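Structure file run_23.tsv with TSV, C-alpha atoms and all ligand atoms:
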```tsv
chain	number	residue	atom	x	y	z
A	76	MET	CA	108.44	104.30	125.64
A	77	ALA	CA	108.16	107.81	127.04
A	78	THR	CA	111.01	108.95	129.25
A	79	PRO	CA	110.09	112.02	131.29
A	80	GLU	CA	112.16	115.01	130.23
A	81	PRO	CA	111.02	117.95	132.35
A	82	ILE	CA	113.56	120.49	131.07
A	83	LEU	CA	112.47	122.24	127.90
A	84	ILE	CA	115.05	123.25	125.33
A	85	ALA	CA	116.51	126.62	126.27
A	86	PRO	CA	115.56	129.20	123.65
A	87	ARG	CA	118.43	130.16	121.40
A	88	ARG	CA	118.77	133.91	121.31
A	89	ARG	CA	120.19	135.55	118.27
A	90	VAL	CA	120.32	139.30	117.84
A	91	ASP	CA	118.96	140.35	114.50
A	92	PRO	CA	119.85	143.92	113.37
A	93	SER	CA	116.31	144.41	112.11
A	94	THR	CA	115.00	144.03	115.68
A	95	THR	CA	116.95	147.03	116.88
A	96	GLY	CA	114.89	149.37	114.79
A	97	VAL	CA	117.96	151.15	113.41
A	98	ALA	CA	118.60	149.04	110.32
A	99	GLY	CA	117.57	151.12	107.34
A	100	GLY	CA	115.86	153.58	109.65
A	101	ALA	CA	112.95	151.21	110.25
A	102	GLY	CA	110.93	151.69	113.44
A	103	PRO	CA	110.37	148.83	115.88
A	104	SER	CA	106.94	147.91	114.53
A	105	ARG	CA	108.11	147.97	110.93
A	106	SER	CA	111.16	145.83	111.69
A	107	TRP	CA	108.88	143.36	113.47
A	108	LEU	CA	106.80	143.17	110.33
A	109	VAL	CA	109.83	142.80	108.04
A	110	ARG	CA	111.29	140.07	110.21
A	111	GLY	CA	107.96	138.27	110.42
A	112	VAL	CA	107.45	138.31	106.67
A	113	ARG	CA	111.07	137.22	106.09
A	114	ARG	CA	110.39	134.17	108.25
A	115	TRP	CA	107.70	133.08	105.79
A	116	PHE	CA	110.48	132.49	103.27
A	117	ASP	CA	113.64	131.87	105.34
A	118	THR	CA	113.15	129.82	108.49
A	119	SER	CA	116.65	130.70	109.75
A	120	ALA	CA	115.49	134.32	110.29
A	121	THR	CA	114.35	133.72	113.86
A	122	GLY	CA	115.62	136.98	115.34
A	123	GLU	CA	115.53	137.71	119.08
A	124	ILE	CA	112.80	135.86	120.89
A	125	ASP	CA	110.82	137.53	123.65
A	126	ALA	CA	110.76	134.74	126.29
A	127	SER	CA	107.25	135.67	127.43
A	128	ARG	CA	105.90	134.99	123.92
A	129	GLU	CA	107.69	131.68	123.36
A	130	ASP	CA	104.56	129.59	123.82
A	131	ARG	CA	101.99	131.96	122.33
A	132	ILE	CA	100.76	131.75	118.76
A	133	ASP	CA	102.70	134.06	116.43
A	134	TRP	CA	99.82	135.37	114.33
A	135	LEU	CA	102.00	137.08	111.74
A	136	ARG	CA	103.80	133.81	111.12
A	137	ALA	CA	100.42	132.02	111.05
A	138	THR	CA	98.90	134.34	108.42
A	139	PRO	CA	99.78	132.16	105.37
A	140	PHE	CA	98.40	129.10	107.20
A	141	VAL	CA	95.08	130.87	107.80
A	142	ALA	CA	95.10	132.27	104.25
A	143	MET	CA	95.51	128.79	102.77
A	144	HIS	CA	92.30	127.72	104.53
A	145	LEU	CA	90.45	130.76	103.18
A	146	ALA	CA	91.80	130.06	99.67
A	147	CYS	CA	89.84	126.78	99.69
A	148	LEU	CA	86.69	128.92	99.50
A	149	GLY	CA	87.85	129.67	95.96
A	150	VAL	CA	85.94	126.53	94.88
A	151	ILE	CA	82.84	128.77	94.90
A	152	TRP	CA	84.25	130.79	91.98
A	153	VAL	CA	86.42	128.30	90.08
A	154	GLY	CA	83.95	125.39	90.00
A	155	VAL	CA	84.95	121.74	89.81
A	156	SER	CA	85.77	119.09	87.22
A	157	PRO	CA	86.70	115.37	87.38
A	158	VAL	CA	90.27	116.13	86.30
A	159	ALA	CA	90.74	118.70	89.09
A	160	LEU	CA	89.37	116.25	91.68
A	161	GLY	CA	91.60	113.50	90.26
A	162	VAL	CA	94.74	115.63	90.49
A	163	ALA	CA	93.83	116.67	94.05
A	164	ALA	CA	93.38	113.00	95.04
A	165	VAL	CA	96.66	111.91	93.43
A	166	LEU	CA	98.53	114.73	95.18
A	167	TYR	CA	96.94	113.74	98.49
A	168	GLY	CA	98.04	110.12	98.00
A	169	VAL	CA	101.60	110.78	96.84
A	170	ARG	CA	102.24	113.40	99.50
A	171	MET	CA	100.67	111.37	102.30
A	172	PHE	CA	103.01	108.53	101.36
A	173	ALA	CA	106.00	110.90	101.42
A	174	LEU	CA	105.00	112.08	104.90
A	175	THR	CA	104.28	108.65	106.38
A	176	GLY	CA	106.92	106.60	104.58
A	177	PHE	CA	109.71	109.15	104.59
A	178	TYR	CA	109.18	112.09	106.98
A	179	HIS	CA	107.96	109.66	109.64
A	180	ARG	CA	109.26	106.12	109.12
A	181	TYR	CA	112.53	107.10	107.41
A	182	PHE	CA	113.69	110.54	108.59
A	183	SER	CA	112.23	110.39	112.10
A	184	HIS	CA	112.72	106.70	112.94
A	185	ARG	CA	115.31	105.43	110.43
A	186	THR	CA	113.45	102.13	109.93
A	187	PHE	CA	115.03	101.46	106.53
A	188	GLN	CA	117.79	102.67	104.22
A	189	THR	CA	117.74	104.32	100.83
A	190	SER	CA	120.01	106.19	98.42
A	191	ARG	CA	120.83	109.87	98.83
A	192	ALA	CA	118.90	110.65	95.63
A	193	VAL	CA	115.69	108.90	96.79
A	194	GLN	CA	116.12	110.47	100.23
A	195	PHE	CA	116.22	113.95	98.65
A	196	LEU	CA	113.38	113.24	96.23
A	197	PHE	CA	111.02	112.27	99.05
A	198	ALA	CA	112.28	115.14	101.20
A	199	LEU	CA	111.22	117.44	98.34
A	200	ILE	CA	107.78	115.82	98.03
A	201	GLY	CA	107.41	116.01	101.82
A	202	ALA	CA	108.32	119.71	101.78
A	203	SER	CA	105.58	120.34	99.20
A	204	CYS	CA	103.03	119.46	101.94
A	205	VAL	CA	103.64	122.80	103.74
A	206	GLN	CA	104.53	120.90	106.91
A	207	ARG	CA	108.04	122.38	107.00
A	208	GLY	CA	111.29	120.61	106.10
A	209	PRO	CA	112.35	117.06	107.04
A	210	LEU	CA	114.74	118.17	109.81
A	211	TRP	CA	112.10	120.28	111.54
A	212	TRP	CA	109.48	117.53	111.22
A	213	ALA	CA	111.78	114.75	112.44
A	214	ALA	CA	113.25	116.80	115.33
A	215	HIS	CA	109.79	117.58	116.72
A	216	HIS	CA	108.59	114.03	116.20
A	217	ARG	CA	111.58	112.52	117.99
A	218	ARG	CA	110.84	114.87	120.86
A	219	HIS	CA	107.20	113.71	120.88
A	220	HIS	CA	108.37	110.10	121.30
A	221	ARG	CA	110.76	110.92	124.13
A	222	VAL	CA	108.22	112.81	126.25
A	223	THR	CA	104.86	111.53	124.94
A	224	ASP	CA	101.84	112.86	126.81
A	225	THR	CA	103.90	114.73	129.41
A	226	PRO	CA	103.92	118.56	129.72
A	227	ALA	CA	107.11	118.62	127.59
A	228	ASP	CA	105.31	116.90	124.67
A	229	PRO	CA	104.76	119.59	122.00
A	230	HIS	CA	101.31	118.24	121.10
A	231	SER	CA	99.62	116.10	123.72
A	232	PRO	CA	95.79	116.41	123.57
A	233	GLY	CA	95.55	115.13	127.16
A	234	ILE	CA	97.82	117.91	128.45
A	235	HIS	CA	97.23	120.78	126.04
A	236	GLY	CA	93.74	120.07	124.68
A	237	PHE	CA	92.47	119.04	121.26
A	238	LEU	CA	92.82	122.36	119.41
A	239	TRP	CA	96.37	122.98	120.59
A	240	SER	CA	97.55	119.48	119.68
A	241	HIS	CA	95.83	119.76	116.28
A	242	VAL	CA	96.62	123.27	115.04
A	243	GLY	CA	98.15	125.39	117.80
A	244	TRP	CA	101.53	124.05	118.89
A	245	PHE	CA	103.52	124.56	115.67
A	246	LEU	CA	102.52	128.23	115.41
A	247	THR	CA	104.55	129.24	118.49
A	248	PRO	CA	108.11	130.69	118.41
A	249	ARG	CA	109.38	127.80	120.55
A	250	ASN	CA	108.25	125.19	118.08
A	251	PHE	CA	109.12	127.28	115.02
A	252	ARG	CA	112.81	126.45	115.40
A	253	THR	CA	114.52	123.25	114.27
A	254	ASP	CA	116.53	121.68	117.10
A	255	LEU	CA	119.43	120.30	115.08
A	256	ALA	CA	120.82	118.51	118.15
A	257	ARG	CA	117.96	116.01	117.75
A	258	VAL	CA	118.72	115.24	114.11
A	259	PRO	CA	122.54	115.14	113.67
A	260	ASP	CA	122.18	112.13	111.35
A	261	LEU	CA	120.07	114.24	108.96
A	262	ALA	CA	121.76	117.62	109.45
A	263	LYS	CA	124.99	116.30	107.95
A	264	TYR	CA	123.40	116.50	104.48
A	265	PRO	CA	123.69	120.08	103.13
A	266	GLU	CA	120.81	119.56	100.68
A	267	LEU	CA	118.48	118.65	103.57
A	268	ARG	CA	119.62	121.66	105.62
A	269	TRP	CA	118.95	123.91	102.61
A	270	LEU	CA	115.50	122.39	102.15
A	271	ASP	CA	114.75	122.85	105.84
A	272	ARG	CA	115.68	126.52	105.65
A	273	PHE	CA	113.81	127.38	102.44
A	274	ASP	CA	111.10	124.71	102.57
A	275	ILE	CA	108.41	127.13	101.41
A	276	ALA	CA	110.01	127.29	97.93
A	277	ILE	CA	108.70	123.80	97.12
A	278	PRO	CA	104.97	124.36	97.75
A	279	LEU	CA	105.22	127.71	95.96
A	280	LEU	CA	106.60	125.88	92.92
A	281	LEU	CA	103.83	123.29	93.19
A	282	ALA	CA	101.18	126.03	93.33
A	283	VAL	CA	102.62	127.74	90.25
A	284	GLY	CA	102.86	124.36	88.50
A	285	MET	CA	99.21	123.60	89.29
A	286	TYR	CA	98.09	126.93	87.87
A	287	GLY	CA	100.21	126.36	84.75
A	288	LEU	CA	98.82	122.84	84.28
A	289	GLY	CA	95.28	124.20	84.49
A	290	VAL	CA	95.98	126.93	81.89
A	291	LEU	CA	97.59	124.35	79.61
A	292	LEU	CA	94.66	121.93	79.89
A	293	GLN	CA	92.16	124.73	79.35
A	294	HIS	CA	93.71	125.43	75.96
A	295	ALA	CA	94.86	121.95	74.92
A	296	ALA	CA	91.82	120.00	76.17
A	297	PRO	CA	88.90	122.41	76.79
A	298	GLN	CA	86.48	119.46	77.00
A	299	LEU	CA	87.95	118.68	80.46
A	300	GLY	CA	86.33	121.84	81.80
A	301	THR	CA	89.24	122.99	83.93
A	302	SER	CA	91.27	126.19	84.28
A	303	GLY	CA	94.35	127.60	85.99
A	304	GLY	CA	92.36	128.88	88.95
A	305	GLN	CA	90.47	125.62	89.36
A	306	MET	CA	93.60	123.49	89.32
A	307	LEU	CA	95.31	125.86	91.76
A	308	VAL	CA	92.41	125.74	94.23
A	309	TRP	CA	91.70	121.98	94.06
A	310	GLY	CA	95.16	120.61	93.24
A	311	PHE	CA	97.06	122.80	95.65
A	312	PHE	CA	94.91	124.48	98.32
A	313	VAL	CA	92.18	121.90	98.97
A	314	SER	CA	94.51	118.92	98.61
A	315	THR	CA	97.12	120.47	100.93
A	316	ILE	CA	94.65	121.52	103.62
A	317	VAL	CA	92.89	118.12	103.66
A	318	LEU	CA	96.32	116.45	103.78
A	319	PHE	CA	97.35	118.68	106.68
A	320	HIS	CA	94.26	117.97	108.80
A	321	ALA	CA	94.48	114.23	108.06
A	322	THR	CA	98.14	114.18	109.16
A	323	VAL	CA	97.61	115.99	112.44
A	324	THR	CA	94.74	113.72	113.49
A	325	ILE	CA	97.57	111.43	114.59
A	326	ASN	CA	98.68	114.08	117.08
A	327	SER	CA	95.19	114.96	118.26
A	328	LEU	CA	92.72	112.07	117.75
A	329	ALA	CA	95.12	109.07	117.82
A	330	HIS	CA	96.05	109.95	121.40
A	331	ARG	CA	92.36	109.98	122.42
A	332	TYR	CA	90.13	107.63	120.40
A	333	GLY	CA	90.71	103.96	119.70
A	334	ARG	CA	91.90	100.74	121.32
A	335	ARG	CA	95.03	100.20	123.33
A	336	ARG	CA	96.62	96.87	122.44
A	337	PHE	CA	99.83	97.60	124.34
A	338	GLU	CA	100.29	99.00	127.85
A	339	THR	CA	102.36	102.03	126.89
A	340	LYS	CA	103.02	104.90	129.32
A	341	ASP	CA	101.25	107.31	126.95
A	342	ASN	CA	97.65	107.54	125.66
A	343	SER	CA	98.31	106.35	122.09
A	344	ARG	CA	95.50	104.40	120.38
A	345	ASN	CA	94.93	102.10	117.44
A	346	ASN	CA	92.17	103.52	115.22
A	347	VAL	CA	91.18	101.88	111.94
A	348	TRP	CA	89.56	105.03	110.50
A	349	LEU	CA	92.66	107.10	111.11
A	350	ALA	CA	94.79	104.27	109.70
A	351	LEU	CA	92.81	104.36	106.45
A	352	LEU	CA	92.95	108.16	106.25
A	353	THR	CA	96.70	108.33	106.93
A	354	PHE	CA	97.89	105.21	105.11
A	355	GLY	CA	98.66	103.19	108.25
A	356	GLU	CA	99.63	105.81	110.82
A	357	GLY	CA	96.42	105.24	112.79
A	358	TRP	CA	97.94	102.09	114.32
A	359	HIS	CA	99.49	104.55	116.69
A	360	ASN	CA	99.50	102.45	119.87
A	361	ASN	CA	101.41	99.77	117.93
A	362	HIS	CA	103.83	102.46	116.81
A	363	HIS	CA	104.41	103.95	120.26
A	364	PHE	CA	105.05	100.50	121.69
A	365	PHE	CA	107.59	99.67	118.99
A	366	PRO	CA	108.62	102.66	116.82
A	367	GLY	CA	111.55	100.78	115.28
A	368	SER	CA	109.51	98.90	112.67
A	369	SER	CA	108.84	100.08	109.11
A	370	ARG	CA	105.41	98.51	109.55
A	371	GLN	CA	102.70	99.95	111.80
A	372	GLY	CA	99.81	97.56	111.14
A	373	PHE	CA	101.13	94.64	113.17
A	374	ARG	CA	98.42	92.08	112.17
A	375	TRP	CA	97.68	91.07	108.60
A	376	TRP	CA	94.24	92.66	108.75
A	377	GLU	CA	95.58	96.03	109.96
A	378	VAL	CA	95.62	97.92	106.68
A	379	ASP	CA	98.90	99.83	106.31
A	380	LEU	CA	99.16	101.33	102.82
A	381	THR	CA	102.54	102.87	103.60
A	382	TRP	CA	103.98	99.44	104.42
A	383	TYR	CA	102.67	98.03	101.12
A	384	GLY	CA	104.19	101.01	99.28
A	385	LEU	CA	107.54	100.54	101.00
A	386	LYS	CA	107.49	96.80	100.16
A	387	LEU	CA	106.92	97.74	96.52
A	388	MET	CA	109.78	100.24	96.62
A	389	ALA	CA	112.01	97.54	98.16
A	390	ALA	CA	111.07	95.12	95.36
A	391	LEU	CA	112.07	97.82	92.85
A	392	GLY	CA	115.41	98.31	94.63
A	393	LEU	CA	114.63	101.90	95.72
A	394	VAL	CA	114.77	101.20	99.48
A	395	ARG	CA	116.35	98.38	101.48
A	396	GLY	CA	116.55	96.91	104.97
A	397	LEU	CA	112.86	97.37	105.91
A	398	LYS	CA	112.56	96.50	109.59
A	399	PRO	CA	109.79	93.99	110.38
A	400	VAL	CA	107.84	93.61	113.63
A	401	PRO	CA	109.89	91.34	115.96
A	402	ALA	CA	108.13	88.23	117.30
A	403	TRP	CA	108.62	89.32	120.94
A	404	VAL	CA	106.54	92.43	120.30
A	405	LEU	CA	103.48	90.39	119.37
A	406	THR	CA	103.78	88.28	122.53
A	407	LYS	CA	103.13	91.48	124.53
A	408	ALA	CA	99.93	92.23	122.61
A	409	ARG	CA	96.57	91.99	124.36
A	410	SER	CA	94.71	91.17	121.10
B	1	ZN	ZN	102.08	109.88	119.18
B	2	ZN	ZN	106.74	108.10	115.33
```
Translate the structure described by the file into structure tokens.
Amino acid sequence: MATPEPILIAPRRRVDPSTTGVAGGAGPSRSWLVRGVRRWFDTSATGEIDASREDRIDWLRATPFVAMHLACLGVIWVGVSPVALGVAAVLYGVRMFALTGFYHRYFSHRTFQTSRAVQFLFALIGASCVQRGPLWWAAHHRRHHRVTDTPADPHSPGIHGFLWSHVGWFLTPRNFRTDLARVPDLAKYPELRWLDRFDIAIPLLLAVGMYGLGVLLQHAAPQLGTSGGQMLVWGFFVSTIVLFHATVTINSLAHRYGRRRFETKDNSRNNVWLALLTFGEGWHNNHHFFPGSSRQGFRWWEVDLTWYGLKLMAALGLVRGLKPVPAWVLTKARS
């Protein structure tokens, strides 16, 4: 599956007036700060990239990511309630499905069709996961499939180590950009390009919505024992951080631990625990052998919640043309 592609994408250089230090009289360090903070909200504000820092973690850019982890410690002060845990679990489930069913199996691999409205709805839910927009996600994932477990793979644990493949690679300037050349089929939709540029707006709205829901419940149903702060911490921060770490286990752990049913050129594995955690994505060796199927659990006993969800959506007429696993694929299986 993996075709070696030794040449990395040449960095696109764009001169940003704020980097010159003359815009508005700002000094170089202040303009660096302004540009960095602007990138939290507008991912098109890349500015001029210092080539020597392309593959180093941009800590200013990473600050909100670190802060979201620290915000989970808020559980110490806000306490917990069944309703807060329930909302956190529902948001984990719905958003995991949006990532696996749509960011991965639809936007990245085009394994089924849907309407423009459903496409945008699930792009919005996917963006609420704080894993960037659908174009960024799909472009990097398509790259991963082309160069899996080679030095050009953005997140190979065998090449770059566990930590880098889990939480490091996407914090670098090189991987901050969206390579639109990899996703021309998605970039033709202006609403998706907008979402990819301002993706952070969606999780911010979700966070505000969670706080508002908590305040509302505190007044309307005080017996539930929740509050704005509690719903914000559990419903948004804890749910999003757990969702994030579960998702990226497929980059880090699913290329290290598990069984290899197919002789692929990469190190992808099938792992039942990761499949349960990620709604079917843990059947990663299956997926690398044949990425063109909407289904990743190839045997009936390989639990694939995303596939069941997509089948349900197809029965409701929301998606169509789900691609099954071809018979020839199973003849190549070792088990
Ligand atoms: Zn992989
Ligand atoms: Zn894939």
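Taking CA of Asp130 (chain A) as the reference point, CA of Phe251 (chain A) is found at 10.2 Å.
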(request) Would you list the contacts of Ser368 (chain A) as a ChimeraX atom specification, taking every protein, DNA or RNA residue within 6 Å and counting all atoms listed in the file, but skipping same-chain residues closer than 3 positions in sequence? (result) /A:186,398-400
Please list as a compact mmCIF listing (two decimals) with C-alpha atoms, in the frame of the given file every residue within 9 Å of Gly287 (chain A), counting all atoms listed in the file and excluding residues in the same chain fewer than 6 positions away.
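Below you can see selection_17.txt, which holds the result:
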```
# COMPACT_ATOMS: atom_id res chain seq x y z
CA SER A 302 91.27 126.19 84.28
CA GLY A 303 94.35 127.60 85.99
CA MET A 306 93.60 123.49 89.32
CA LEU A 307 95.31 125.86 91.76
```
Return as a PDB file with C-alpha atoms, keeping the file's coordinate frame every polymer residue, whether protein, DNA or RNA, with at least one atom no more than 12 Å from an atom of ligand ZN 1 (chain B); count only C-alpha atoms and all ligand atoms.
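part.pdb was written with the following content:
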```
ATOM      1  CA  MET A  76     108.440 104.300 125.640  1.00  0.00           C
ATOM      2  CA  ALA A  77     108.160 107.810 127.040  1.00  0.00           C
ATOM      3  CA  HIS A 179     107.960 109.660 109.640  1.00  0.00           C
ATOM      4  CA  HIS A 215     109.790 117.580 116.720  1.00  0.00           C
ATOM      5  CA  HIS A 216     108.590 114.030 116.200  1.00  0.00           C
ATOM      6  CA  ARG A 217     111.580 112.520 117.990  1.00  0.00           C
ATOM      7  CA  ARG A 218     110.840 114.870 120.860  1.00  0.00           C
ATOM      8  CA  HIS A 219     107.200 113.710 120.880  1.00  0.00           C
ATOM      9  CA  HIS A 220     108.370 110.100 121.300  1.00  0.00           C
ATOM     10  CA  ARG A 221     110.760 110.920 124.130  1.00  0.00           C
ATOM     11  CA  VAL A 222     108.220 112.810 126.250  1.00  0.00           C
ATOM     12  CA  THR A 223     104.860 111.530 124.940  1.00  0.00           C
ATOM     13  CA  ASP A 224     101.840 112.860 126.810  1.00  0.00           C
ATOM     14  CA  THR A 225     103.900 114.730 129.410  1.00  0.00           C
ATOM     15  CA  ASP A 228     105.310 116.900 124.670  1.00  0.00           C
ATOM     16  CA  PRO A 229     104.760 119.590 122.000  1.00  0.00           C
ATOM     17  CA  HIS A 230     101.310 118.240 121.100  1.00  0.00           C
ATOM     18  CA  SER A 231      99.620 116.100 123.720  1.00  0.00           C
ATOM     19  CA  PRO A 232      95.790 116.410 123.570  1.00  0.00           C
ATOM     20  CA  GLY A 233      95.550 115.130 127.160  1.00  0.00           C
ATOM     21  CA  SER A 240      97.550 119.480 119.680  1.00  0.00           C
ATOM     22  CA  THR A 322      98.140 114.180 109.160  1.00  0.00           C
ATOM     23  CA  VAL A 323      97.610 115.990 112.440  1.00  0.00           C
ATOM     24  CA  THR A 324      94.740 113.720 113.490  1.00  0.00           C
ATOM     25  CA  ILE A 325      97.570 111.430 114.590  1.00  0.00           C
ATOM     26  CA  ASN A 326      98.680 114.080 117.080  1.00  0.00           C
ATOM     27  CA  SER A 327      95.190 114.960 118.260  1.00  0.00           C
ATOM     28  CA  LEU A 328      92.720 112.070 117.750  1.00  0.00           C
ATOM     29  CA  ALA A 329      95.120 109.070 117.820  1.00  0.00           C
ATOM     30  CA  HIS A 330      96.050 109.950 121.400  1.00  0.00           C
ATOM     31  CA  ARG A 331      92.360 109.980 122.420  1.00  0.00           C
ATOM     32  CA  THR A 339     102.360 102.030 126.890  1.00  0.00           C
ATOM     33  CA  LYS A 340     103.020 104.900 129.320  1.00  0.00           C
ATOM     34  CA  ASP A 341     101.250 107.310 126.950  1.00  0.00           C
ATOM     35  CA  ASN A 342      97.650 107.540 125.660  1.00  0.00           C
ATOM     36  CA  SER A 343      98.310 106.350 122.090  1.00  0.00           C
ATOM     37  CA  ARG A 344      95.500 104.400 120.380  1.00  0.00           C
ATOM     38  CA  ASN A 345      94.930 102.100 117.440  1.00  0.00           C
ATOM     39  CA  GLU A 356      99.630 105.810 110.820  1.00  0.00           C
ATOM     40  CA  GLY A 357      96.420 105.240 112.790  1.00  0.00           C
ATOM     41  CA  TRP A 358      97.940 102.090 114.320  1.00  0.00           C
ATOM     42  CA  HIS A 359      99.490 104.550 116.690  1.00  0.00           C
ATOM     43  CA  ASN A 360      99.500 102.450 119.870  1.00  0.00           C
ATOM     44  CA  ASN A 361     101.410  99.770 117.930  1.00  0.00           C
ATOM     45  CA  HIS A 362     103.830 102.460 116.810  1.00  0.00           C
ATOM     46  CA  HIS A 363     104.410 103.950 120.260  1.00  0.00           C
ATOM     47  CA  PHE A 364     105.050 100.500 121.690  1.00  0.00           C
ATOM     48  CA  PHE A 365     107.590  99.670 118.990  1.00  0.00           C
ATOM     49  CA  PRO A 366     108.620 102.660 116.820  1.00  0.00           C
TER      50      PRO A 366
END
```
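Shortest atom-to-atom contact with ligand ZN 2 (chain B) among A:Ser369, A:Thr406, A:Ser156, A:Ser106: A:Ser369, counting all atoms listed in the file.
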(request) Go ahead and compute the interatomic distance for CA of Trp244 (chain A) and CA of Trp309 (chain A), in Å to one decimal. (result) 26.8 Å
(request) Have a look at CA of Met285 (chain A) and CA of Phe311 (chain A) and let me know their distance in Å, one decimal. (result) 6.8 Å
